[in-house]
Each structure stands twice: as C-alpha cells, then as structure tokens.
Amino acid sequence: MFNYYLSLSLKNITNHKGLSVLIASTIGLGIAATMISYSLIYLMSKDPLPLKSERVYHIQLDNWNLNTAAILPDLPPEEVSWRDALNIVHAKKAKFQAAHAITWGMVTPADNNIPPFLGIIRATHGEFFPMFDVPFLFGQAWQNYPRDRVENVTVLSKSTNQRIFGGANSVGQTLPMLGQLFTVIGVLDDWHPSPKFFDMSLGKFYPPEDLYVPLQIKANLELPHGGNSNCWQTNIGDSYQAFLNSECVNFNLWIELSKQQDKMQFENYLEDYVQQQRALGRFPKTTQNIMLDVTQWLAHKGVVSSDIHVFFYLSLFFLLVCLFNAASLLSTKFTAMTAQIALRRALGANRQAIFSQCLIETIMLGCLGALIGFTLCVLGLNGIKILYPEFSAFITLDMTLLFMTIGISILSSVLAGLVPTINVCVLAPASYLK
Amino acid sequence: MKRNNQTHSNSVSLSRIPFLALLRTLIRQKYTFTMLVLQIGLTLAVLSNGLFIVSQRLEVLQRSTGIDETNTFALTSSGFTTSFNPENSIKADLNALRQLPNIVNAVATYAFPFSGSSDWDELQTSTGHNENIVPAASYKLDEHGIEALGLILVAGENFNADEVLWQTESAKTFPSVVIITAKLASDLFNSADWSTVVGKTIYINATHSAIVKGVVKQLQAPWNAAGKIESSIIYPRVIIRNSARYFIRTKPNTLQTTMVEVEEYLAASSQQRMIRKVQSIQSMKKQVYGPDIGAISILLVVISALSIVASLGIAGLTSFNLVKRKKQIGIRRALGANKTDILSYCVAENVIQSTCGVFLGWLLAIGLNIFLVSQYALPKLPLSYLAIATLCLYILGLLAILKPAIKAMNISPALATKD
C-alpha cells in the first residue's frame, strides 16, 4: 500500500510540476536562511576544548587603583601583571598553569634563500601546550622552566616549519631569530582553535601565532608587549624591567585543574595570595577574583556577535513566511486534486488512506525542499566566508547540521500541509463527482 | 458594447465595488486568507526592522573620520639587523619621502583611523580627583602630521619642529604642548569657541600637564574603545621602534602608482630592514567595516528574497482564487458588470488583504523591535520605517495581482452560459 501511495504522490508531484517546485523551493529558501544563521551560531559556540573545557580556567585578579576600574563598571582586568603571573604559575597549585602573551620579532633563517620575516610569537610557559591539547607533528614542548633558568628553545607552527624548513622534521635544528640562536624542539600540527579562546585580543577567530618561545625569553630579550597591555600607574619609569615590576597587565593566565571539584580549593588559594600581596601594599581594591571556565569565558566575551543573533531571529520570521506561503500553495494543490480524491473516496478509500497519501506527498515535497535548502545553505555559507573572511577558518557543514536541515524541512512541510490535508480529507465526495 | 464599457469605466466610483460580497468571500476562504495576512504581517515586520538596521550600518560606513581617506596609505618598515638604527632610518625615510613629487606629506605614526590600535589617556582641566575625566585616544605626530593626515586646524597653530620629542616607547618625558579635536575641546571646556581653548592647560592621566596649542576640526580615534570616537589628542612625539609605521598622503589620483614607487624605493634604500603591509587606507577601512558590510549584504538578500516569496504567494493565491471564480466572474460580467468593475473588485480585495496584514505587521514589527532593543541594545524603530515598509507592501501586493487581475478582467461574459 505504501508503495502505491509513493508512486501516486510522485505522479501528483510530476503532474503539478511548477506548483510542486514552487512549494519545495519556498520551503528550501526558508530552511536555508534559518540554517545559515543557525549554523553560524552553532559553529561559533562550539567548544574549542571539548575534553576538558569545564576544568580549564581563565584567571582574573583586580590589582587596579582604588578609584578606577580596569573594565567598566567594576571588573578586574582580563590579563595579569608579570609579577602575579610568575607567582601563581610557580606556586604550582593546579595540574597545569601557564601565563602567556603575544609579541613579535624578526626571524632570520640561516638559509639565505629564505627571506627574513617578522614572526608573530607567543611567549608562554610550557604547560600551555598540554593544557590546551595542542597537537604536535614533531618533537614536543618544553616543561615550565624555573624562575631563574631558561633556554633558547622554540616551537614552530606547521606553516612556519613549512616556510623555513620545507616541512621537514626540524627538531634539533637551530634557528636564528630575535638576534639570538634558538633550537627548534617541536613543530605543531594544524591547529586553529575557533574561537581563539586563550587570547582574543587580536580577534576572536584570529589564527594562532607563527612561533612559541618560553615566557622568560620575552623579559630577557625585552620583546614588545603585544595584545592588550593596560596600566593604571603613570610614573613607572622608563626601563623595560620597570614595566615588569609595575602593576601593568599584559599576561593571560590560564590553569587546568585535575577535577572540577578542586575549583573551590584554587579559589581559596587565589584569595590567600591576594591577601598576602595586600599585606605588601598591593591590591587596594577588594573586588572578587574571577575564575571562568572556557565556556563561561566565551559567553562573557560575547563571542557570537549580536548581529548573528539578530540575523537568526529575522531568518526565523523568514522561515515562518515561507511556511505560510507553502501552506497556502499546498492548499491550492490539494484543492486542485479534489476531483481525484473524491473519486478515490467513492471507490472505497477511507479518510485515513487519503490522509496517509497526502502526508507522504508533503513529506516528499519536504525532502525536495531539504535538498534545495541544503544546496542554498552551502552556497550561502560560502557567501558568508567572502563577507566575513575571519570566519572562514571554522565554517564547515557537519553531519549534525545536515540532519537538522533535513529534519526541519520535513517537519516544516508536514506542518504547512497539515490543515490543507485535513480540509481535503473531510470533504464529502458526492458533490465533486458530478 | 465593448466601447461603451470603456467610456463607462472612466466614471468608476467606490460605490460600484460590492464590499459586502467581497468581505463575505474573504471570510469564506478562512484558511488561505489567514495564511496571506500572516505572510504580509511577518514580511512587514522583517522589512521595517531590516531596512532600519541597514540604514544604521550605512550611516556608520559613511561617517567621516576627519582624515583624507582617498589619497592616503600606510606601510611598515621593520629593521632586523643588530646595526639597524631606527631613529636614523625613520628620519632618512621621511626626508626622502617628503621630497618625492607625488607625495603631499608623510609622517611616522602607529595610530591612525582604521589602524585598530592606540593608547587612551584620561584628560582633565584641573588636577582634582573628582574632576570631570574625559578619555581620549592618543596620537603621536610630528609637525608634518596635520598635513599628512589631511586634518583641518580650526584654531591655534601646528607644532614647531623643535617641540617634537623623538622618544623610545617607554620614555615618560612629556611634551609641553598638545593639539586636540574640537569635540574633545568642547567636552573638556564646555565651550564652542575653539579660540578660547588655545593656551589653556590640560592634565593628562593626573600626572602631566600640557598646553593646548591647536584645535583640529575632526580626527576620529583608531578604534572606538571608550565610546568616545571623536575624542583624540595629538602629542608632538615620534616613537622610535625597530618596526616603524609610515602614513603617507599622495597628490590626488596618484595613490596606486605612488604606493608601488614608494615600496620599491624604500626596499632598495636599505638592506637592514624590510617593507611590509603596504596598504591603502580605503582597503583598511573595508576590513574594519567588513562585519557591517557583511550585515548589510545579508539583510538586503533576506529582504529581497522575502519580498519575492511574499509576492509570489500573493500572486499564486490570487490567480488560483480567480480560476476558481471564473464562472462567477463570467456571470457578473453577463449581469452588467464592466471590466473596470472586475478590476476594481480584484484591487479592493487585495487592498483589504494588505490592510489586514499591515495591521498585524505593525504589531509584529514593534514587538520584534522591542525584543531586539531589550536583548541586543538596538535603537528604537522610527515610525517612518513602518510607513516605508507599509507602502512597499501595498505596492508589492498590487504588482503581484496585476497579471491575474488583468486576466480576470478579460474573462468573457459568455462563460456564464457554459456549464
């Protein structure tokens, strides 16, 4: 029986080719608009650290001046000072801890055929890599160095390794940069967390840096302060060391705990630390320290811009218009079929049979709509890549989105077809048979 | 007979439209009528809010920054050898650039509109802690800065060469004079007469003092950090770093050629540095406003697709209804209704449908706007946008029924006699 309904529906659809295509494309258009804006929200809110985002925390301490706020209305700065960064990292109270900052400097490969370039560098403690699950192609990262010791080692991104060493395993090679000789100890695999949660100062979807060096190198070589750098003291003196000794903040501080339950313990440690520093005359404000896990941090930073949410609501309205449109078109289609249906009723088909057949027909239209919608969605997302180049790193259609498109499309067509179907089923056949 | 009808049509009056019959028909087609009204209402809501957002974004795009945006470009010179002397390099480069025939002027600066980064200072007119503090983006320019950026001095004077400090980044020695923007001057001194501001003292970050030497008409901050985009202060300073950034203004219509010339010239002039990021200010502007341009494009696509879908819906439904009523129309024609009567019947039906939709649309549009205002801090929808969207929908509706209505008009009265 099902097969018969199927072939009958197919016949009906091909008989009213123009109308059917119009219904399916109306549904498809609405689906595409909604799915494009939804997939942007979905892709942007994806967890960049899925295995442990609830155990990795961003740390904020308020070392600001009594009468001002680092961030309005009265929030602590999002970075910490050099002193706090080192104190907390070297206290080793968490499973992993790392402070890091963006900087830059000239990279001058020994091979004269490779032109020197300005490398964007992340200066960081070594625990950055295991904490953020950074994938390595060759070699490995350094351990956190003790306060008084550091070596000239570096980790290259995959593209930097391609640029300098042609993609070969360069572990153990030396690389002249920043006026010194560095040893390559690791090469990363492709790595582009989106959003770039660990430091969004250059852009929420900005590509990661070209090279990585130990944090102390930044101080030793007096590398520039990239990213956000913020001071409330104005008379800190001229030297680089004065900046490091001051309350100026520039360093992103992140920790990973072994289990979420340790959070309270770490918060107590932070509070004790601030108290202890207050005794030394620092931390005049009593603002609460802030520890946000990755998900909370992304929500706090508003990674999904309000524009995208506005698009989403507008596209929902659009989908509704398309549904109402499809509903009236379906009603037209079924009304046009009244004579046929009346004949089938007269020949013994009951209401349920008519209903099932109409339902199958709408579902088929829904599938066609899904196909059109999915095609438009792919085209639309490519358009978005052109309009928003920074999004291009993470825009991909995954299985979840594909199934959602099909599901919503069929659901919409059934909803749109419901009332017309019922209307056509309750018709008394007699008057239409004349 | 036909001719007679047409002369008659000139004196068409509203009284010839059977409103009661019309309403009865509409009510009888409950379902399709509701669908149509809902479509029109939702379309109106999206259209008015969408157009409003588009117009706001366009306003942002067209906002002037105070600088010459069409004839300017920037580049970075990065020294990388140990013997590289950044101060000498900057001085030599700027001297050479200012000699080039197509260049109006050039200046070394890290901050300019669309560069995306700058320091912010807190300014006061007296040292007290409770005084009115105004944040301002800080620009560091030498005496060529005003001409190179294309700023307009409305009061006071430009810097002299001997007032300009050549300093490293961390140096805290402060210049004794500054130039500020007109908006900053009025925020600080509550005065619209710029000449009275010249010569007054301002305090910077509660520690340094400087005298206002001049006021420029407009110079927007490189980024809108404190919501004070018109608030900028210029210090007579040049910051010396290994990586210097030059802002260059060319004579009109020579930008493209000059950019190439300058890049080639600078690259050849020294082997101790590299020239990077040669980019016109226009293209930087495009990048900065990329999300706004994106939003405008998306909204326009949504609005036009929506209008097409809605009018297709109206057209489809009207023509279907007319097919159903072919015989009825034929009978009306046979009973004496002329072509204009049929046409005005169709138009009246459409206008009634649109009006119902428009009423619903106003409610939806205002509801949607209230939601967007509360959730995403969007401004309130001006009623003019409702009016524009309403007008659009009426026109759209009439265009949509044009073809079916003409078809209906030409239905032959002879149809009435057929079975």
# chains A, B, ... in the order shown; residues from 1 in each chain; ligands from 1
>>> select_by_dssp(residues="stretch 32-65 of chain A", states="strand (DSSP E or B)", output="PyMOL selection string")
chain A and resi 56-60
>>> closest_atom_pairs(of="chain A", to="chain B", cutoff="9 Å", atoms="only C-alpha atoms", output="JSON lines")
{"residue": "A:Thr26", "atom": "CA", "partner": "B:Val309", "partner_atom": "CA", "distance": 7.0}
{"residue": "A:Leu29", "atom": "CA", "partner": "B:Ala305", "partner_atom": "CA", "distance": 8.2}
{"residue": "A:Gly30", "atom": "CA", "partner": "B:Leu306", "partner_atom": "CA", "distance": 9.0}
{"residue": "A:Ala33", "atom": "CA", "partner": "B:Val302", "partner_atom": "CA", "distance": 7.6}
{"residue": "A:Asn67", "atom": "CA", "partner": "B:His129", "partner_atom": "CA", "distance": 8.9}
{"residue": "A:Gly105", "atom": "CA", "partner": "B:Phe80", "partner_atom": "CA", "distance": 8.2}
{"residue": "A:Met106", "atom": "CA", "partner": "B:Phe80", "partner_atom": "CA", "distance": 5.7}
{"residue": "A:Val107", "atom": "CA", "partner": "B:Phe80", "partner_atom": "CA", "distance": 8.2}
{"residue": "A:Thr108", "atom": "CA", "partner": "B:Phe80", "partner_atom": "CA", "distance": 8.0}
{"residue": "A:Pro116", "atom": "CA", "partner": "B:Phe80", "partner_atom": "CA", "distance": 8.1}
{"residue": "A:Phe117", "atom": "CA", "partner": "B:Met274", "partner_atom": "CA", "distance": 8.0}
{"residue": "A:Leu118", "atom": "CA", "partner": "B:Ser78", "partner_atom": "CA", "distance": 7.6}
{"residue": "A:Leu178", "atom": "CA", "partner": "B:Phe80", "partner_atom": "CA", "distance": 8.2}
{"residue": "A:Gly179", "atom": "CA", "partner": "B:Thr82", "partner_atom": "CA", "distance": 7.0}
{"residue": "A:Asn230", "atom": "CA", "partner": "B:Asp119", "partner_atom": "CA", "distance": 9.0}
{"residue": "A:Trp232", "atom": "CA", "partner": "B:Asn205", "partner_atom": "CA", "distance": 8.7}
{"residue": "A:Gln233", "atom": "CA", "partner": "B:Asn205", "partner_atom": "CA", "distance": 8.9}
{"residue": "A:Thr234", "atom": "CA", "partner": "B:Asn205", "partner_atom": "CA", "distance": 7.0}
{"residue": "A:Asn235", "atom": "CA", "partner": "B:Lys172", "partner_atom": "CA", "distance": 7.5}
{"residue": "A:Ile236", "atom": "CA", "partner": "B:Lys172", "partner_atom": "CA", "distance": 8.4}
{"residue": "A:Gly237", "atom": "CA", "partner": "B:Lys172", "partner_atom": "CA", "distance": 6.7}
{"residue": "A:Asp238", "atom": "CA", "partner": "B:Ala171", "partner_atom": "CA", "distance": 4.9}
{"residue": "A:Ser239", "atom": "CA", "partner": "B:Ser170", "partner_atom": "CA", "distance": 6.6}
{"residue": "A:Tyr240", "atom": "CA", "partner": "B:Ser170", "partner_atom": "CA", "distance": 7.3}
{"residue": "A:Phe243", "atom": "CA", "partner": "B:Ser170", "partner_atom": "CA", "distance": 8.5}
{"residue": "A:Ser306", "atom": "CA", "partner": "B:Tyr376", "partner_atom": "CA", "distance": 6.0}
{"residue": "A:Asp307", "atom": "CA", "partner": "B:Ala295", "partner_atom": "CA", "distance": 7.2}
{"residue": "A:Ile308", "atom": "CA", "partner": "B:Ala295", "partner_atom": "CA", "distance": 8.6}
{"residue": "A:His309", "atom": "CA", "partner": "B:Tyr376", "partner_atom": "CA", "distance": 8.4}
{"residue": "A:Val310", "atom": "CA", "partner": "B:Leu372", "partner_atom": "CA", "distance": 7.3}
{"residue": "A:Phe311", "atom": "CA", "partner": "B:Leu299", "partner_atom": "CA", "distance": 7.7}
{"residue": "A:Tyr313", "atom": "CA", "partner": "B:Leu368", "partner_atom": "CA", "distance": 8.7}
{"residue": "A:Leu314", "atom": "CA", "partner": "B:Val46", "partner_atom": "CA", "distance": 6.2}
{"residue": "A:Ser315", "atom": "CA", "partner": "B:Val302", "partner_atom": "CA", "distance": 7.6}
{"residue": "A:Phe317", "atom": "CA", "partner": "B:Leu42", "partner_atom": "CA", "distance": 6.3}
{"residue": "A:Phe318", "atom": "CA", "partner": "B:Leu306", "partner_atom": "CA", "distance": 6.5}
{"residue": "A:Leu320", "atom": "CA", "partner": "B:Leu42", "partner_atom": "CA", "distance": 7.7}
{"residue": "A:Val321", "atom": "CA", "partner": "B:Gln39", "partner_atom": "CA", "distance": 5.0}
{"residue": "A:Cys322", "atom": "CA", "partner": "B:Val309", "partner_atom": "CA", "distance": 7.0}
{"residue": "A:Leu323", "atom": "CA", "partner": "B:Gln39", "partner_atom": "CA", "distance": 8.8}
{"residue": "A:Phe324", "atom": "CA", "partner": "B:Met35", "partner_atom": "CA", "distance": 5.3}
{"residue": "A:Asn325", "atom": "CA", "partner": "B:Gly313", "partner_atom": "CA", "distance": 5.5}
{"residue": "A:Ala326", "atom": "CA", "partner": "B:Gly313", "partner_atom": "CA", "distance": 8.1}
{"residue": "A:Ala327", "atom": "CA", "partner": "B:Met35", "partner_atom": "CA", "distance": 7.3}
{"residue": "A:Ser328", "atom": "CA", "partner": "B:Thr32", "partner_atom": "CA", "distance": 5.5}
{"residue": "A:Leu329", "atom": "CA", "partner": "B:Leu317", "partner_atom": "CA", "distance": 7.3}
{"residue": "A:Ser331", "atom": "CA", "partner": "B:Thr32", "partner_atom": "CA", "distance": 7.6}
{"residue": "A:Thr332", "atom": "CA", "partner": "B:Phe320", "partner_atom": "CA", "distance": 7.0}
{"residue": "A:Ile384", "atom": "CA", "partner": "B:Gly294", "partner_atom": "CA", "distance": 7.6}
{"residue": "A:Ile386", "atom": "CA", "partner": "B:Gly294", "partner_atom": "CA", "distance": 8.7}
{"residue": "A:Leu387", "atom": "CA", "partner": "B:Gly294", "partner_atom": "CA", "distance": 5.0}
{"residue": "A:Tyr388", "atom": "CA", "partner": "B:Pro291", "partner_atom": "CA", "distance": 6.4}
{"residue": "A:Pro389", "atom": "CA", "partner": "B:Gly290", "partner_atom": "CA", "distance": 8.6}
{"residue": "A:Val419", "atom": "CA", "partner": "B:Tyr31", "partner_atom": "CA", "distance": 8.3}
{"residue": "A:Pro420", "atom": "CA", "partner": "B:Tyr31", "partner_atom": "CA", "distance": 8.5}
>>> closest_residue(among="B:Ile331, B:Ile296, B:Leu188, B:Leu97", to="B:Val60", atoms="only C-alpha atoms")
B:Ile296
>>> residues_around(residues="stretch 135-147 of chain A", least_positions_apart="5", cutoff="10 Å", atoms="only C-alpha atoms", output="number ranges by chain")
A: 86-87, 89-90, 96-98, 124-130, 153-158, 168-172, 184-191, 212-216
>>> write_last_selection(atoms="C-alpha atoms", output="mmCIF file, in the first residue's frame")
data_model
loop_
_atom_site.group_PDB
_atom_site.id
_atom_site.type_symbol
_atom_site.label_atom_id
_atom_site.label_comp_id
_atom_site.auth_asym_id
_atom_site.auth_seq_id
_atom_site.Cartn_x
_atom_site.Cartn_y
_atom_site.Cartn_z
ATOM 1 C CA LEU A 86 55.071 34.301 37.753
ATOM 2 C CA ASN A 87 53.986 33.958 41.394
ATOM 3 C CA VAL A 89 52.472 29.797 37.910
ATOM 4 C CA HIS A 90 55.455 28.940 40.088
ATOM 5 C CA PHE A 96 48.773 22.789 34.617
ATOM 6 C CA GLN A 97 49.340 26.528 34.714
ATOM 7 C CA ALA A 98 50.652 28.912 32.099
ATOM 8 C CA THR A 124 54.382 31.211 27.177
ATOM 9 C CA HIS A 125 55.035 28.719 29.897
ATOM 10 C CA GLY A 126 55.434 25.178 28.549
ATOM 11 C CA GLU A 127 52.272 23.857 30.198
ATOM 12 C CA PHE A 128 50.302 25.917 27.674
ATOM 13 C CA PHE A 129 50.637 23.018 25.209
ATOM 14 C CA PRO A 130 49.297 20.077 27.263
ATOM 15 C CA VAL A 153 64.110 26.883 22.563
ATOM 16 C CA THR A 154 61.201 27.356 20.208
ATOM 17 C CA VAL A 155 58.166 25.522 18.873
ATOM 18 C CA LEU A 156 57.091 26.296 15.314
ATOM 19 C CA SER A 157 53.629 26.253 13.819
ATOM 20 C CA LYS A 158 53.155 23.870 10.904
ATOM 21 C CA ALA A 168 60.788 18.502 7.218
ATOM 22 C CA ASN A 169 61.278 17.322 10.792
ATOM 23 C CA SER A 170 63.252 20.298 12.098
ATOM 24 C CA VAL A 171 63.550 19.185 15.728
ATOM 25 C CA GLY A 172 67.126 19.852 16.859
ATOM 26 C CA VAL A 184 63.665 24.005 17.480
ATOM 27 C CA ILE A 185 62.269 21.397 19.887
ATOM 28 C CA GLY A 186 58.816 20.924 18.446
ATOM 29 C CA VAL A 187 56.597 21.503 15.420
ATOM 30 C CA LEU A 188 52.841 21.797 15.753
ATOM 31 C CA ASP A 189 50.292 20.050 13.583
ATOM 32 C CA ASP A 190 47.428 22.072 12.095
ATOM 33 C CA TRP A 191 45.924 23.970 14.986
ATOM 34 C CA TYR A 212 56.301 29.917 20.515
ATOM 35 C CA VAL A 213 59.104 30.731 22.984
ATOM 36 C CA PRO A 214 59.388 30.393 26.777
ATOM 37 C CA LEU A 215 57.812 33.324 28.615
ATOM 38 C CA GLN A 216 61.068 34.391 30.285
#
>>> select_by_dssp(residues="stretch 164-350 of chain A", states="alpha helix (DSSP H)", output="JSON, numbers by chain")
{"A": [164, 165, 215, 216, 217, 218, 219, 220, 240, 241, 242, 243, 244, 245, 263, 264, 265, 266, 267, 268, 269, 270, 271, 272, 273, 274, 275, 276, 277, 278, 279, 294, 295, 296, 297, 298, 299, 300, 306, 307, 308, 309, 310, 311, 312, 313, 314, 315, 316, 317, 318, 319, 320, 321, 322, 323, 324, 325, 326, 327, 328, 329, 330, 331, 332, 333, 334, 335, 336, 338, 339, 340, 341, 342, 343, 344, 345, 346]}
>>> write_last_selection(atoms="C-alpha atoms", output="CSV table (one decimal), in the first residue's frame")
chain,number,residue,atom,x,y,z
A,164,ILE,CA,61.7,27.7,7.0
A,165,PHE,CA,62.4,24.0,6.8
A,215,LEU,CA,57.8,33.3,28.6
A,216,GLN,CA,61.1,34.4,30.3
A,217,ILE,CA,62.6,35.0,26.8
A,218,LYS,CA,60.2,37.9,26.5
A,219,ALA,CA,61.7,39.6,29.5
A,220,ASN,CA,65.3,38.6,28.8
A,240,TYR,CA,61.6,47.5,30.5
A,241,GLN,CA,62.2,46.0,33.9
A,242,ALA,CA,60.1,48.8,35.4
A,243,PHE,CA,57.1,47.6,33.3
A,244,LEU,CA,57.5,44.1,34.6
A,245,ASN,CA,57.8,45.3,38.2
A,263,LYS,CA,37.8,24.8,41.9
A,264,MET,CA,36.9,25.9,45.4
A,265,GLN,CA,40.4,25.0,46.7
A,266,PHE,CA,42.0,27.0,44.0
A,267,GLU,CA,39.8,30.0,44.6
A,268,ASN,CA,40.8,29.9,48.3
A,269,TYR,CA,44.4,29.8,47.2
A,270,LEU,CA,43.9,32.9,45.0
A,271,GLU,CA,42.2,34.7,47.8
A,272,ASP,CA,45.0,33.9,50.2
A,273,TYR,CA,47.5,35.0,47.5
A,274,VAL,CA,45.7,38.4,47.1
A,275,GLN,CA,45.6,38.8,50.9
A,276,GLN,CA,49.2,38.2,51.2
A,277,GLN,CA,50.0,40.7,48.4
A,278,ARG,CA,47.7,43.2,50.1
A,279,ALA,CA,49.8,42.9,53.2
A,294,VAL,CA,36.3,28.1,28.9
A,295,THR,CA,32.6,28.0,28.2
A,296,GLN,CA,31.8,30.8,30.7
A,297,TRP,CA,34.7,32.8,29.4
A,298,LEU,CA,33.5,32.6,25.8
A,299,ALA,CA,30.0,33.6,27.0
A,300,HIS,CA,31.5,36.5,28.9
A,306,SER,CA,24.7,40.2,18.5
A,307,ASP,CA,24.5,40.7,14.7
A,308,ILE,CA,24.3,37.0,14.2
A,309,HIS,CA,21.6,36.6,16.8
A,310,VAL,CA,19.6,39.4,15.1
A,311,PHE,CA,20.0,37.6,11.7
A,312,PHE,CA,18.8,34.4,13.4
A,313,TYR,CA,15.6,35.9,14.6
A,314,LEU,CA,14.9,37.7,11.3
A,315,SER,CA,15.6,34.4,9.5
A,316,LEU,CA,13.0,32.6,11.8
A,317,PHE,CA,10.5,35.2,10.7
A,318,PHE,CA,11.5,34.5,7.1
A,319,LEU,CA,11.0,30.8,7.6
A,320,LEU,CA,7.5,31.4,9.0
A,321,VAL,CA,6.6,33.5,5.9
A,322,CYS,CA,7.9,30.7,3.7
A,323,LEU,CA,5.8,28.1,5.7
A,324,PHE,CA,2.6,30.2,5.5
A,325,ASN,CA,3.3,30.6,1.8
A,326,ALA,CA,3.9,26.9,1.3
A,327,ALA,CA,0.8,26.2,3.3
A,328,SER,CA,-1.4,28.3,1.0
A,329,LEU,CA,0.3,26.8,-2.1
A,330,LEU,CA,-0.3,23.2,-0.7
A,331,SER,CA,-3.9,24.1,-0.1
A,332,THR,CA,-4.2,25.2,-3.7
A,333,LYS,CA,-2.6,22.0,-4.8
A,334,PHE,CA,-4.8,19.8,-2.8
A,335,THR,CA,-7.9,21.7,-3.8
A,336,ALA,CA,-6.9,21.2,-7.4
A,338,THR,CA,-10.3,17.4,-5.1
A,339,ALA,CA,-11.9,15.6,-8.0
A,340,GLN,CA,-9.3,12.9,-8.0
A,341,ILE,CA,-9.6,12.5,-4.2
A,342,ALA,CA,-13.4,12.3,-4.4
A,343,LEU,CA,-13.1,9.6,-7.0
A,344,ARG,CA,-10.8,7.6,-4.8
A,345,ARG,CA,-13.2,8.1,-1.8
A,346,ALA,CA,-16.1,6.9,-3.9
>>> residues_around(residues="B:Leu165", least_positions_apart="4", cutoff="7 Å", atoms="only C-alpha atoms", output="list in words")
Pro175, Pro236, Arg237 and Val238 of chain B
>>> atom_distance(atom1="atom CA of B:Ser354", atom2="atom CA of A:Val414")
26.9 Å
>>> residues_around(residues="A:Asp210", least_positions_apart="3", cutoff="8 Å", atoms="only C-alpha atoms", output="number ranges by chain")
A: 119-122, 156-157, 159-160
>>> residues_around(residues="A:Leu49", least_positions_apart="4", cutoff="9 Å", atoms="only C-alpha atoms", output="list of chain:residue names")
A:Ser53, A:Glu54, A:Val56, A:Phe132, A:Asp133, A:Pro193, A:Val294
>>> write_last_selection(atoms="C-alpha atoms", output="compact mmCIF listing (two decimals), in the first residue's frame")
# COMPACT_ATOMS: atom_id res chain seq x y z
CA SER A 53 36.57 22.91 28.92
CA GLU A 54 34.91 22.68 32.35
CA VAL A 56 40.34 24.86 32.33
CA PHE A 132 45.17 23.36 25.52
CA ASP A 133 45.65 19.93 23.87
CA PRO A 193 41.04 26.74 17.73
CA VAL A 294 36.30 28.07 28.86
>>> closest_residue(among="B:Met409, B:Ile180, B:Val107, B:Ala389", to="B:Gly357", atoms="only C-alpha atoms")
B:Ala389
>>> atom_distance(atom1="atom CA of B:Gln29", atom2="atom CA of B:Val358")
19.0 Å
>>> atom_distance(atom1="atom CA of A:Lys204", atom2="atom CA of A:Ile395")
14.2 Å
